[in-house]
file target.tsv (TSV, C-alpha atoms and all ligand atoms)
chain	number	residue	atom	x	y	z
Z	1	MET	CA	-8.06	-63.08	142.87
Z	2	ASN	CA	-8.35	-59.79	144.75
Z	3	GLY	CA	-8.27	-56.51	142.88
Z	4	ARG	CA	-9.22	-58.07	139.55
Z	5	ASP	CA	-12.80	-58.86	140.49
Z	6	TRP	CA	-15.70	-56.86	139.24
Z	7	GLN	CA	-18.82	-56.88	141.41
Z	8	ILE	CA	-21.96	-57.25	139.31
Z	9	GLY	CA	-24.59	-57.45	142.06
Z	10	ARG	CA	-25.82	-59.19	145.18
Z	11	ILE	CA	-27.97	-62.30	145.58
Z	12	LEU	CA	-29.09	-63.62	149.02
Z	13	GLY	CA	-26.98	-60.73	150.37
Z	14	ILE	CA	-23.83	-62.23	148.82
Z	15	PRO	CA	-21.64	-60.05	146.56
Z	16	ILE	CA	-21.40	-61.66	143.10
Z	17	LYS	CA	-18.08	-60.97	141.42
Z	18	VAL	CA	-16.55	-61.73	138.05
Z	19	HIS	CA	-12.80	-62.18	137.65
Z	20	VAL	CA	-11.11	-60.77	134.51
Z	21	SER	CA	-10.24	-64.31	133.38
Z	22	TRP	CA	-13.96	-65.05	133.05
Z	23	PHE	CA	-14.21	-62.63	130.10
Z	24	LEU	CA	-11.79	-64.88	128.20
Z	25	VAL	CA	-14.21	-67.77	128.68
Z	26	PHE	CA	-17.15	-65.59	127.70
Z	27	GLY	CA	-15.39	-64.48	124.52
Z	28	PHE	CA	-14.23	-67.97	123.63
Z	29	VAL	CA	-17.63	-69.60	124.24
Z	30	THR	CA	-19.48	-66.93	122.24
Z	31	TRP	CA	-17.01	-67.22	119.39
Z	32	SER	CA	-17.00	-71.02	119.18
Z	33	LEU	CA	-20.82	-71.25	119.40
Z	34	SER	CA	-21.40	-68.49	116.82
Z	35	THR	CA	-18.94	-69.83	114.28
Z	36	GLY	CA	-19.17	-73.58	114.92
Z	37	TYR	CA	-21.96	-75.22	116.91
Z	38	LEU	CA	-24.85	-72.92	115.97
Z	39	PRO	CA	-24.31	-72.70	112.16
Z	40	GLU	CA	-23.93	-76.52	112.12
Z	41	THR	CA	-27.03	-77.35	114.21
Z	42	VAL	CA	-29.32	-74.50	113.02
Z	43	PRO	CA	-28.28	-73.74	109.43
Z	44	GLY	CA	-29.63	-70.85	107.33
Z	45	LEU	CA	-29.61	-67.94	109.83
Z	46	SER	CA	-27.81	-64.61	109.43
Z	47	ILE	CA	-24.33	-64.12	110.94
Z	48	PRO	CA	-25.45	-61.40	113.45
Z	49	ARG	CA	-28.18	-63.78	114.57
Z	50	TYR	CA	-25.60	-66.51	115.32
Z	51	TRP	CA	-23.49	-64.04	117.33
Z	52	PHE	CA	-26.54	-62.89	119.28
Z	53	MET	CA	-27.54	-66.48	120.08
Z	54	GLY	CA	-23.91	-67.30	120.99
Z	55	GLY	CA	-23.77	-64.34	123.38
Z	56	VAL	CA	-27.10	-65.30	125.00
Z	57	ALA	CA	-25.90	-68.91	125.40
Z	58	ALA	CA	-22.64	-67.73	127.02
Z	59	LEU	CA	-24.62	-65.56	129.47
Z	60	LEU	CA	-26.91	-68.49	130.32
Z	61	LEU	CA	-23.82	-70.64	130.85
Z	62	PHE	CA	-22.64	-68.00	133.29
Z	63	GLY	CA	-26.08	-68.15	134.96
Z	64	SER	CA	-25.79	-71.94	135.25
Z	65	VAL	CA	-22.46	-71.75	137.09
Z	66	LEU	CA	-23.84	-68.99	139.32
Z	67	LEU	CA	-26.94	-71.04	140.21
Z	68	HIS	CA	-24.70	-74.00	141.07
Z	69	GLU	CA	-22.72	-71.81	143.51
Z	70	LEU	CA	-25.93	-70.32	144.90
Z	71	GLY	CA	-27.06	-73.89	145.63
Z	72	HIS	CA	-24.02	-74.37	147.90
Z	73	SER	CA	-24.47	-70.91	149.40
Z	74	TYR	CA	-28.16	-71.34	150.21
Z	75	VAL	CA	-27.52	-74.48	152.27
Z	76	ALA	CA	-24.42	-72.93	153.91
Z	77	LEU	CA	-26.43	-69.87	154.94
Z	78	ARG	CA	-29.03	-72.17	156.52
Z	79	TYR	CA	-26.17	-73.49	158.69
Z	80	ARG	CA	-25.30	-69.86	159.52
Z	81	ILE	CA	-22.00	-70.03	157.63
Z	82	PRO	CA	-21.37	-66.55	156.18
Z	83	ILE	CA	-20.48	-66.41	152.47
Z	84	GLU	CA	-17.86	-63.75	151.77
Z	85	GLN	CA	-18.52	-63.66	148.02
Z	86	ILE	CA	-19.20	-65.74	144.92
Z	87	THR	CA	-16.55	-65.33	142.23
Z	88	LEU	CA	-16.77	-66.57	138.66
Z	89	PHE	CA	-13.43	-67.13	136.98
Z	90	ILE	CA	-11.81	-69.07	134.15
Z	91	PHE	CA	-12.30	-72.54	135.72
Z	92	GLY	CA	-15.86	-71.96	136.99
Z	93	GLY	CA	-17.18	-70.52	140.22
Z	94	VAL	CA	-16.25	-70.38	143.90
Z	95	ALA	CA	-18.52	-69.60	146.84
Z	96	GLN	CA	-16.07	-68.43	149.49
Z	97	MET	CA	-17.21	-69.59	152.93
Z	98	ASN	CA	-15.88	-67.86	156.02
Z	99	ARG	CA	-16.06	-70.87	158.28
Z	100	GLU	CA	-15.74	-74.64	158.08
Z	101	PRO	CA	-19.04	-76.57	158.27
Z	102	PRO	CA	-20.05	-77.50	161.85
Z	103	GLY	CA	-20.17	-81.23	161.11
Z	104	PRO	CA	-20.02	-83.95	158.43
Z	105	ARG	CA	-23.75	-83.77	157.76
Z	106	ALA	CA	-23.60	-80.02	157.03
Z	107	GLU	CA	-20.50	-80.55	154.88
Z	108	PHE	CA	-22.27	-83.25	152.87
Z	109	LEU	CA	-25.46	-81.22	152.31
Z	110	ILE	CA	-23.58	-78.01	151.35
Z	111	ALA	CA	-21.39	-79.96	148.90
Z	112	ILE	CA	-24.18	-81.94	147.25
Z	113	ALA	CA	-26.48	-78.91	146.81
Z	114	GLY	CA	-24.43	-77.53	143.87
Z	115	PRO	CA	-24.53	-80.66	141.70
Z	116	ILE	CA	-28.23	-81.17	142.54
Z	117	VAL	CA	-28.99	-77.67	141.21
Z	118	SER	CA	-26.99	-78.46	138.05
Z	119	PHE	CA	-28.80	-81.79	137.48
Z	120	VAL	CA	-32.25	-80.23	138.01
Z	121	LEU	CA	-31.36	-77.37	135.62
Z	122	GLY	CA	-30.00	-79.85	133.09
Z	123	GLY	CA	-33.25	-81.86	133.25
Z	124	LEU	CA	-35.40	-78.74	132.85
Z	125	LEU	CA	-33.36	-77.55	129.86
Z	126	PHE	CA	-33.56	-80.93	128.13
Z	127	GLY	CA	-37.31	-80.85	128.79
Z	128	LEU	CA	-37.52	-77.38	127.26
Z	129	ALA	CA	-35.54	-78.53	124.22
Z	130	ALA	CA	-37.89	-81.51	123.76
Z	131	ALA	CA	-41.00	-79.31	124.10
Z	132	ALA	CA	-39.72	-76.68	121.64
Z	133	HIS	CA	-39.20	-79.05	118.70
Z	134	ALA	CA	-40.87	-76.56	116.32
Z	135	LYS	CA	-38.16	-73.94	117.05
Z	136	PRO	CA	-34.73	-75.29	116.05
Z	137	GLY	CA	-32.88	-72.36	117.71
Z	138	LEU	CA	-34.43	-73.12	121.11
Z	139	VAL	CA	-33.78	-76.84	120.68
Z	140	ALA	CA	-30.10	-76.16	119.93
Z	141	LEU	CA	-29.62	-73.82	122.91
Z	142	GLY	CA	-31.75	-75.90	125.31
Z	143	SER	CA	-29.95	-79.15	124.59
Z	144	LEU	CA	-26.52	-77.46	124.65
Z	145	LEU	CA	-27.15	-75.84	128.05
Z	146	GLY	CA	-28.78	-79.02	129.35
Z	147	PHE	CA	-25.64	-80.91	128.37
Z	148	VAL	CA	-23.40	-78.25	129.98
Z	149	ASN	CA	-25.33	-78.39	133.28
Z	150	LEU	CA	-25.29	-82.18	133.32
Z	151	ASN	CA	-21.51	-82.11	132.82
Z	152	LEU	CA	-21.08	-79.39	135.43
Z	153	GLY	CA	-22.85	-81.63	137.95
Z	154	LEU	CA	-20.90	-84.76	136.92
Z	155	PHE	CA	-17.47	-83.09	136.82
Z	156	ASN	CA	-17.97	-81.58	140.26
Z	157	LEU	CA	-18.85	-84.99	141.69
Z	158	ILE	CA	-15.32	-86.28	141.03
Z	159	PRO	CA	-14.25	-87.37	144.53
Z	160	GLY	CA	-11.16	-85.18	144.92
Z	161	PHE	CA	-11.03	-82.18	147.27
Z	162	PRO	CA	-11.75	-79.26	146.72
Z	163	LEU	CA	-14.30	-80.42	144.09
Z	164	ASP	CA	-17.80	-81.07	145.46
Z	165	GLY	CA	-17.31	-84.83	145.23
Z	166	GLY	CA	-14.13	-84.39	147.27
Z	167	ARG	CA	-16.14	-82.53	149.90
Z	168	VAL	CA	-18.63	-85.39	149.98
Z	169	LEU	CA	-15.67	-87.75	150.44
Z	170	ARG	CA	-14.34	-85.50	153.22
Z	171	ALA	CA	-17.74	-85.53	154.93
Z	172	GLY	CA	-17.73	-89.35	154.83
Z	173	LEU	CA	-14.16	-89.66	156.14
Z	174	TRP	CA	-14.90	-87.05	158.78
Z	175	ALA	CA	-18.02	-88.90	159.98
Z	176	TRP	CA	-16.08	-92.17	160.00
Z	177	SER	CA	-12.87	-91.03	161.77
Z	178	GLY	CA	-14.11	-87.96	163.64
Z	179	ASP	CA	-10.91	-86.19	162.55
Z	180	PHE	CA	-11.64	-83.16	160.35
Z	181	TYR	CA	-8.03	-82.38	159.44
Z	182	GLN	CA	-7.16	-85.97	158.60
Z	183	ALA	CA	-10.31	-86.21	156.43
Z	184	THR	CA	-9.28	-82.99	154.65
Z	185	ARG	CA	-5.77	-84.34	154.06
Z	186	HIS	CA	-6.98	-87.63	152.60
Z	187	ALA	CA	-9.65	-86.00	150.41
Z	188	SER	CA	-6.99	-83.53	149.17
Z	189	VAL	CA	-4.61	-86.36	148.29
Z	190	ALA	CA	-7.45	-87.77	146.16
Z	191	GLY	CA	-7.79	-84.30	144.59
Z	192	GLN	CA	-4.08	-84.25	143.75
Z	193	GLY	CA	-4.41	-87.73	142.24
Z	194	PHE	CA	-7.31	-86.70	140.00
Z	195	GLY	CA	-5.38	-83.56	139.04
Z	196	VAL	CA	-2.47	-85.71	137.82
Z	197	LEU	CA	-4.84	-88.08	135.98
Z	198	PHE	CA	-6.51	-85.15	134.21
Z	199	ALA	CA	-3.19	-83.60	133.21
Z	200	LEU	CA	-1.94	-86.94	131.84
Z	201	PHE	CA	-5.19	-87.63	129.98
Z	202	GLY	CA	-5.09	-84.13	128.44
Z	203	ALA	CA	-1.45	-84.60	127.46
Z	204	VAL	CA	-2.31	-87.88	125.69
Z	205	LEU	CA	-4.98	-86.04	123.65
Z	206	VAL	CA	-2.56	-83.23	122.73
Z	207	ILE	CA	0.20	-85.65	121.73
Z	208	GLY	CA	-2.25	-87.90	119.84
Z	209	ALA	CA	-3.56	-84.90	117.88
Z	210	ALA	CA	-0.01	-83.69	117.19
Z	211	LEU	CA	1.01	-87.12	115.85
Z	212	GLY	CA	-2.09	-87.23	113.68
Z	213	SER	CA	-3.54	-90.36	115.33
Z	214	MET	CA	-6.44	-88.34	116.82
Z	215	PRO	CA	-8.62	-85.57	115.33
Z	216	GLY	CA	-7.06	-82.08	115.48
Z	217	PRO	CA	-9.75	-80.32	117.60
Z	218	LEU	CA	-8.94	-82.75	120.43
Z	219	ALA	CA	-5.62	-80.91	120.89
Z	220	ALA	CA	-7.42	-77.77	122.12
Z	221	ASN	CA	-9.61	-79.82	124.46
Z	222	GLY	CA	-6.56	-81.73	125.65
Z	223	GLY	CA	-4.71	-78.50	126.44
Z	224	TRP	CA	-7.71	-77.30	128.40
Z	225	ILE	CA	-7.90	-80.58	130.36
Z	226	VAL	CA	-4.17	-80.31	131.19
Z	227	LEU	CA	-4.76	-76.81	132.62
Z	228	ILE	CA	-7.75	-77.97	134.68
Z	229	GLY	CA	-5.72	-80.91	135.99
Z	230	LEU	CA	-2.80	-78.69	137.01
Z	231	PHE	CA	-5.15	-76.22	138.68
Z	232	LEU	CA	-6.90	-78.99	140.62
Z	233	PHE	CA	-3.53	-80.43	141.67
Z	234	ALA	CA	-2.26	-77.06	142.94
Z	235	VAL	CA	-5.40	-76.21	144.92
Z	236	ALA	CA	-5.60	-79.72	146.41
Z	237	ARG	CA	-1.95	-79.57	147.45
Z	238	GLY	CA	-2.52	-76.19	149.14
Z	239	SER	CA	-5.52	-77.60	151.04
Z	240	ARG	CA	-3.55	-80.64	152.16
Z	241	ARG	CA	-0.67	-78.52	153.48
Z	242	GLN	CA	-2.96	-76.15	155.29
Z	243	ALA	CA	-4.84	-79.02	156.91
Z	244	ALA	CA	-1.54	-80.57	158.01
Z	245	LEU	CA	-0.37	-77.29	159.59
Z	246	ARG	CA	-3.67	-76.69	161.34
Z	247	ALA	CA	-3.69	-80.27	162.57
Z	248	SER	CA	-0.20	-79.90	164.07
Z	249	LEU	CA	-1.27	-76.67	165.73
Z	250	ALA	CA	-4.47	-78.28	167.04
Z	251	LYS	CA	-2.41	-80.94	168.83
Z	252	MET	CA	-0.13	-78.36	170.52
Z	253	VAL	CA	-0.88	-76.52	173.72
Z	254	VAL	CA	0.40	-73.08	174.67
Z	255	GLY	CA	2.94	-74.69	177.04
Z	256	ASP	CA	4.72	-76.25	174.01
Z	257	LEU	CA	5.10	-72.95	172.19
Z	258	MET	CA	5.53	-70.31	174.89
Z	259	VAL	CA	8.65	-68.32	175.70
Z	260	ARG	CA	9.69	-69.24	179.26
Z	261	ASP	CA	12.24	-66.50	180.14
Z	262	VAL	CA	9.81	-63.64	180.14
Z	263	VAL	CA	11.20	-60.14	180.53
Z	264	THR	CA	8.78	-58.17	182.69
Z	265	VAL	CA	8.60	-54.47	183.45
Z	266	SER	CA	7.89	-52.65	186.71
Z	267	PRO	CA	4.96	-50.19	186.59
Z	268	ASP	CA	7.06	-47.50	188.28
Z	269	LEU	CA	9.71	-47.42	185.57
Z	270	SER	CA	9.58	-44.24	183.48
Z	271	VAL	CA	8.63	-44.58	179.83
Z	272	GLU	CA	12.11	-43.36	178.90
Z	273	GLU	CA	13.74	-46.12	180.97
Z	274	ALA	CA	11.34	-48.70	179.55
Z	275	VAL	CA	12.25	-47.69	175.99
Z	276	SER	CA	16.01	-47.75	176.51
Z	277	GLN	CA	16.22	-50.72	178.91
Z	278	LEU	CA	13.56	-52.97	177.41
Z	279	PHE	CA	12.23	-52.17	173.95
Z	280	LEU	CA	15.59	-51.20	172.43
Z	281	ARG	CA	17.68	-53.74	174.34
Z	282	HIS	CA	15.50	-56.81	173.86
Z	283	GLY	CA	13.83	-55.98	170.57
Z	284	TYR	CA	10.42	-57.33	171.65
Z	285	GLY	CA	7.19	-55.57	170.77
Z	286	GLY	CA	5.64	-55.77	174.24
Z	287	PHE	CA	6.16	-56.74	177.88
Z	288	PRO	CA	3.93	-57.85	180.75
Z	289	VAL	CA	3.85	-55.30	183.61
Z	290	CYS	CA	4.44	-57.02	186.96
Z	291	GLU	CA	4.03	-55.80	190.52
Z	292	ASP	CA	4.70	-58.06	193.55
Z	293	GLY	CA	4.83	-61.11	191.29
Z	294	HIS	CA	1.43	-60.44	189.72
Z	295	VAL	CA	0.71	-59.30	186.20
Z	296	ILE	CA	-1.19	-56.01	186.28
Z	297	GLY	CA	-1.05	-55.04	182.61
Z	298	MET	CA	0.71	-55.18	179.28
Z	299	VAL	CA	2.78	-52.46	177.61
Z	300	THR	CA	3.54	-52.52	173.88
Z	301	ILE	CA	5.25	-50.25	171.36
Z	302	ARG	CA	1.80	-48.96	170.41
Z	303	ASP	CA	1.29	-47.65	173.99
Z	304	VAL	CA	4.68	-45.89	174.06
Z	305	GLN	CA	4.16	-43.92	170.89
Z	306	PRO	CA	1.24	-41.55	171.77
Z	307	PRO	CA	2.97	-39.40	174.48
Z	308	PRO	CA	5.52	-37.00	172.94
Z	309	GLN	CA	9.13	-37.92	173.60
Z	310	SER	CA	9.62	-34.90	175.89
Z	311	LEU	CA	7.14	-36.46	178.35
Z	312	TRP	CA	8.83	-39.88	178.43
Z	313	PRO	CA	11.02	-39.11	181.51
Z	314	SER	CA	8.04	-37.99	183.62
Z	315	ARG	CA	5.47	-40.59	182.53
Z	316	ARG	CA	5.37	-43.99	184.23
Z	317	VAL	CA	4.70	-47.33	182.57
Z	318	ARG	CA	1.61	-47.54	184.84
Z	319	ASP	CA	0.13	-44.46	183.09
Z	320	ILE	CA	0.38	-45.84	179.55
Z	321	MET	CA	-0.05	-49.61	179.97
Z	322	GLN	CA	-3.16	-51.56	179.00
Z	323	PRO	CA	-4.70	-52.62	182.32
Z	324	TRP	CA	-5.11	-56.31	182.93
Z	325	SER	CA	-8.05	-58.18	181.43
Z	326	ASN	CA	-8.89	-61.86	181.07
Z	327	ALA	CA	-8.54	-61.53	177.29
Z	328	MET	CA	-4.77	-61.05	177.80
Z	329	GLU	CA	-4.11	-64.36	179.47
Z	330	VAL	CA	-4.16	-68.07	178.71
Z	331	THR	CA	-3.00	-71.12	180.67
Z	332	PRO	CA	-0.26	-73.55	179.57
Z	333	ASP	CA	-2.98	-76.14	178.77
Z	334	THR	CA	-4.87	-73.86	176.37
Z	335	PRO	CA	-4.77	-75.35	172.81
Z	336	ALA	CA	-2.43	-73.30	170.61
Z	337	ILE	CA	-5.17	-72.80	168.02
Z	338	THR	CA	-7.48	-71.30	170.70
Z	339	ALA	CA	-4.71	-68.91	171.78
Z	340	LEU	CA	-4.15	-67.83	168.18
Z	341	GLU	CA	-7.87	-67.24	167.67
Z	342	GLN	CA	-7.99	-65.24	170.94
Z	343	MET	CA	-5.11	-63.01	169.75
Z	344	LEU	CA	-6.77	-62.41	166.38
Z	345	ARG	CA	-10.12	-61.65	168.05
Z	346	GLU	CA	-8.69	-59.28	170.66
Z	347	GLY	CA	-6.14	-57.62	168.37
Z	348	GLN	CA	-3.27	-58.71	170.66
Z	349	SER	CA	0.11	-59.89	169.40
Z	350	ARG	CA	1.02	-61.59	172.68
Z	351	LEU	CA	-0.71	-63.27	175.59
Z	352	ALA	CA	0.59	-63.87	179.10
Z	353	VAL	CA	0.64	-67.51	180.14
Z	354	VAL	CA	-0.55	-67.68	183.74
Z	355	GLN	CA	-0.72	-70.67	186.04
Z	356	ASP	CA	-2.06	-70.48	189.63
Z	357	GLY	CA	-1.93	-66.71	189.42
Z	358	LEU	CA	1.76	-66.64	188.44
Z	359	LEU	CA	3.27	-65.62	185.12
Z	360	VAL	CA	5.00	-68.67	183.61
Z	361	GLY	CA	5.49	-67.61	180.00
Z	362	LEU	CA	4.52	-65.54	177.01
Z	363	VAL	CA	2.98	-66.76	173.77
Z	364	THR	CA	3.25	-64.53	170.70
Z	365	ARG	CA	1.71	-64.45	167.25
Z	366	SER	CA	5.15	-64.31	165.66
Z	367	GLY	CA	6.24	-67.31	167.76
Z	368	ILE	CA	3.29	-69.34	166.48
Z	369	SER	CA	3.87	-68.36	162.86
Z	370	ARG	CA	7.58	-69.20	163.21
Z	371	PHE	CA	6.55	-72.61	164.50
Z	372	LEU	CA	4.20	-73.04	161.52
Z	373	GLN	CA	6.94	-71.99	159.12
Z	374	LEU	CA	9.36	-74.50	160.56
Z	375	ARG	CA	6.75	-77.24	160.24
Z	376	GLY	CA	6.00	-76.06	156.70
Z	377	LEU	CA	9.66	-76.30	155.71
Z	378	GLN	CA	9.97	-79.81	157.10
Z	379	ARG	CA	7.49	-81.39	154.72
Z	401	ZN	ZN	-19.89	-76.99	143.37
call {"tool": "encode", "arguments": {"input": "target.tsv", "output": "C-alpha cells"}}
result
Amino acid sequence: MNGRDWQIGRILGIPIKVHVSWFLVFGFVTWSLSTGYLPETVPGLSIPRYWFMGGVAALLLFGSVLLHELGHSYVALRYRIPIEQITLFIFGGVAQMNREPPGPRAEFLIAIAGPIVSFVLGGLLFGLAAAAHAKPGLVALGSLLGFVNLNLGLFNLIPGFPLDGGRVLRAGLWAWSGDFYQATRHASVAGQGFGVLFALFGAVLVIGAALGSMPGPLAANGGWIVLIGLFLFAVARGSRRQAALRASLAKMVVGDLMVRDVVTVSPDLSVEEAVSQLFLRHGYGGFPVCEDGHVIGMVTIRDVQPPPQSLWPSRRVRDIMQPWSNAMEVTPDTPAITALEQMLREGQSRLAVVQDGLLVGLVTRSGISRFLQLRGLQR
C-alpha cells in the first residue's frame, strides 16, 4: 500500500493515512446514498441536499472505521506496542502494529477493543436516531450509521485470522497451547475457510441474480462479497505461511544453519592481497580476521572500499577491519531467530559462531534467507 497513501493527520501520535482505493468507496457510498437510500427514506428534499447528506454520511462512515482502528491502537499503545500507521482502504481499516502482542491476554484485549468501539458507537447512533424522531434526516442518517457500526463490529468478530474474531481465536489457542506460531497457523486456516465461504456465498448471489431467481441488486452485493472473501483468503494464507516459516526458524539453532568451512583472513595481509585472494576468489561479502586461532575482527567489502586503490598494497587488513565486539558473535546453540534479530539490530550481514573461544562457523543473513526460501518452496 506504500506510495499511494495520503496522510491526513495524526491521532494519539499515529499517522492516519488514506489509500487511493478508499476514494472509490467514498464516491460509491455518497452516490448510492444520495440517489437511493436518502430520497427513499426522507422524500421531498432538494437534490443538492441529498448529495450533501450523502457526503456527510460517507465521512461519518469513514470516522466510524477510524474509531474502530483507534480502539485497537489505544489498547496496543497501553501494552507499549508501537503503531506504525492507521490506513483506510477499500476493504476498511488497518492499524499496523510493529510488534506481536506480549501474550494471549494482550492479544485478546487489543482484538476485542475494535468491535467494542463499533458496538458502543452503533448503540449511541441508534439512540440518537430514536431521540431525533422530529427530524427525519437525522433519523435516517443515525439509523443508517448505527446499522453500519453494528455490522462493522459483527463482521470483524468472524473467527478467522486476520479479522478481529480470528485474533480472539488466536489468543484462545495461544493461551491453551502456549505456541504462538501454531495458534497463528490454525487461526489463519479458519480465515482461509471463511474467505472461501464468503466467495462461494457471493458467487451464489451473483449467479442467482443473473438467472433471475434473485433480485437484481443482489448481484452487486454478491460481487462485493466475492471480493471480500478472496481478499480475506489471500491475507489469511500469507499469515499462515509466514507463521510456518517463523516457526521453523524458531526451532532451528545457529549450529543447524552455519557454514562450517570458514575462510579466515590474517590481519597482516595487505588489502590488495585480501581483495585478490579472498573477496574475488571466494565471492563472499566478508571474512573473520584471525590471529593465533582467535577472532580479532571482521572485514567486509564495505571496509575495503574507503581507502583509494593506490593505498591497497600498503594498508593492512588490521588497519581497516571492524575490531571485535560481542555483537559480532553467537554460539552454535543460539536460536536462529535471535541471530537474525541480532544481525538486523547491529547492521551486520554475518556473525561469527564461536564455541569455547574458537571459531567454529559463520552464519549469514543470506544463508538464513536461502534456508527460508527452500522451506517456502517445499510447502
Ligand atoms: Zn478491528
call {"tool": "closest_atom_pairs", "arguments": {"input": "target.tsv", "of": "chain Z", "to": "ligand ZN 401 (chain Z)", "cutoff": "8 Å", "atoms": "all atoms listed in the file", "output": "tab-separated table"}}
result
residue	atom	partner	partner_atom	distance
Z:His68	CA	Z:ZN401	ZN	6.1
Z:Glu69	CA	Z:ZN401	ZN	5.9
Z:His72	CA	Z:ZN401	ZN	6.7
Z:Gly93	CA	Z:ZN401	ZN	7.7
Z:Val94	CA	Z:ZN401	ZN	7.6
Z:Ala111	CA	Z:ZN401	ZN	6.5
Z:Ile112	CA	Z:ZN401	ZN	7.6
Z:Ala113	CA	Z:ZN401	ZN	7.7
Z:Gly114	CA	Z:ZN401	ZN	4.6
Z:Pro115	CA	Z:ZN401	ZN	6.1
Z:Gly153	CA	Z:ZN401	ZN	7.7
Z:Asn156	CA	Z:ZN401	ZN	5.9
Z:Leu163	CA	Z:ZN401	ZN	6.6
Z:Asp164	CA	Z:ZN401	ZN	5.0
call {"tool": "atom_distance", "arguments": {"input": "target.tsv", "atom1": "atom CA of Z:Thr334", "atom2": "atom CA of Z:Arg105"}}
result
28.3 Å
call {"tool": "atom_distance", "arguments": {"input": "target.tsv", "atom1": "atom CA of Z:Ala327", "atom2": "atom CA of Z:Gln342"}}
result
7.4 Å
call {"tool": "atom_distance", "arguments": {"input": "target.tsv", "atom1": "atom CA of Z:Gly44", "atom2": "atom CA of Z:Pro215"}}
result
26.9 Å
call {"tool": "residues_near_point", "arguments": {"input": "target.tsv", "point": "(11.9, -46.3, 177.9)", "cutoff": "10 Å", "atoms": "all atoms listed in the file", "output": "PyMOL selection string"}}
result
chain Z and resi 269-280+304+309+312-313+315-317
call {"tool": "residues_around", "arguments": {"input": "target.tsv", "residues": "Z:Trp22", "least_positions_apart": "6", "cutoff": "10 Å", "atoms": "all atoms listed in the file", "output": "list in words"}}
result
Asp5, Phe28, Phe62, Thr87, Leu88, Phe89, Ile90, Phe91, Gly92 and Gly93 of chain Z
call {"tool": "write_last_selection", "arguments": {"input": "target.tsv", "atoms": "C-alpha atoms", "output": "PDB file, in the coordinates of the input"}}
result
ATOM      1  CA  ASP Z   5     -12.800 -58.860 140.490  1.00  0.00           C
ATOM      2  CA  PHE Z  28     -14.230 -67.970 123.630  1.00  0.00           C
ATOM      3  CA  PHE Z  62     -22.640 -68.000 133.290  1.00  0.00           C
ATOM      4  CA  THR Z  87     -16.550 -65.330 142.230  1.00  0.00           C
ATOM      5  CA  LEU Z  88     -16.770 -66.570 138.660  1.00  0.00           C
ATOM      6  CA  PHE Z  89     -13.430 -67.130 136.980  1.00  0.00           C
ATOM      7  CA  ILE Z  90     -11.810 -69.070 134.150  1.00  0.00           C
ATOM      8  CA  PHE Z  91     -12.300 -72.540 135.720  1.00  0.00           C
ATOM      9  CA  GLY Z  92     -15.860 -71.960 136.990  1.00  0.00           C
ATOM     10  CA  GLY Z  93     -17.180 -70.520 140.220  1.00  0.00           C
TER      11      GLY Z  93
END
call {"tool": "closest_residue", "arguments": {"input": "target.tsv", "among": "Z:Asn149, Z:Thr264, Z:Ser310, Z:Thr338", "to": "Z:Val360", "atoms": "only C-alpha atoms"}}
result
Z:Thr264
call {"tool": "closest_residue", "arguments": {"input": "target.tsv", "among": "Z:Gln7, Z:Ser239, Z:Asn98, Z:Asn221", "to": "Z:His186", "atoms": "all atoms listed in the file"}}
result
Z:Ser239
call {"tool": "closest_residue", "arguments": {"input": "target.tsv", "among": "Z:Leu340, Z:Ile320, Z:Leu311, Z:Leu257", "to": "Z:Met298", "atoms": "only C-alpha atoms"}}
result
Z:Ile320
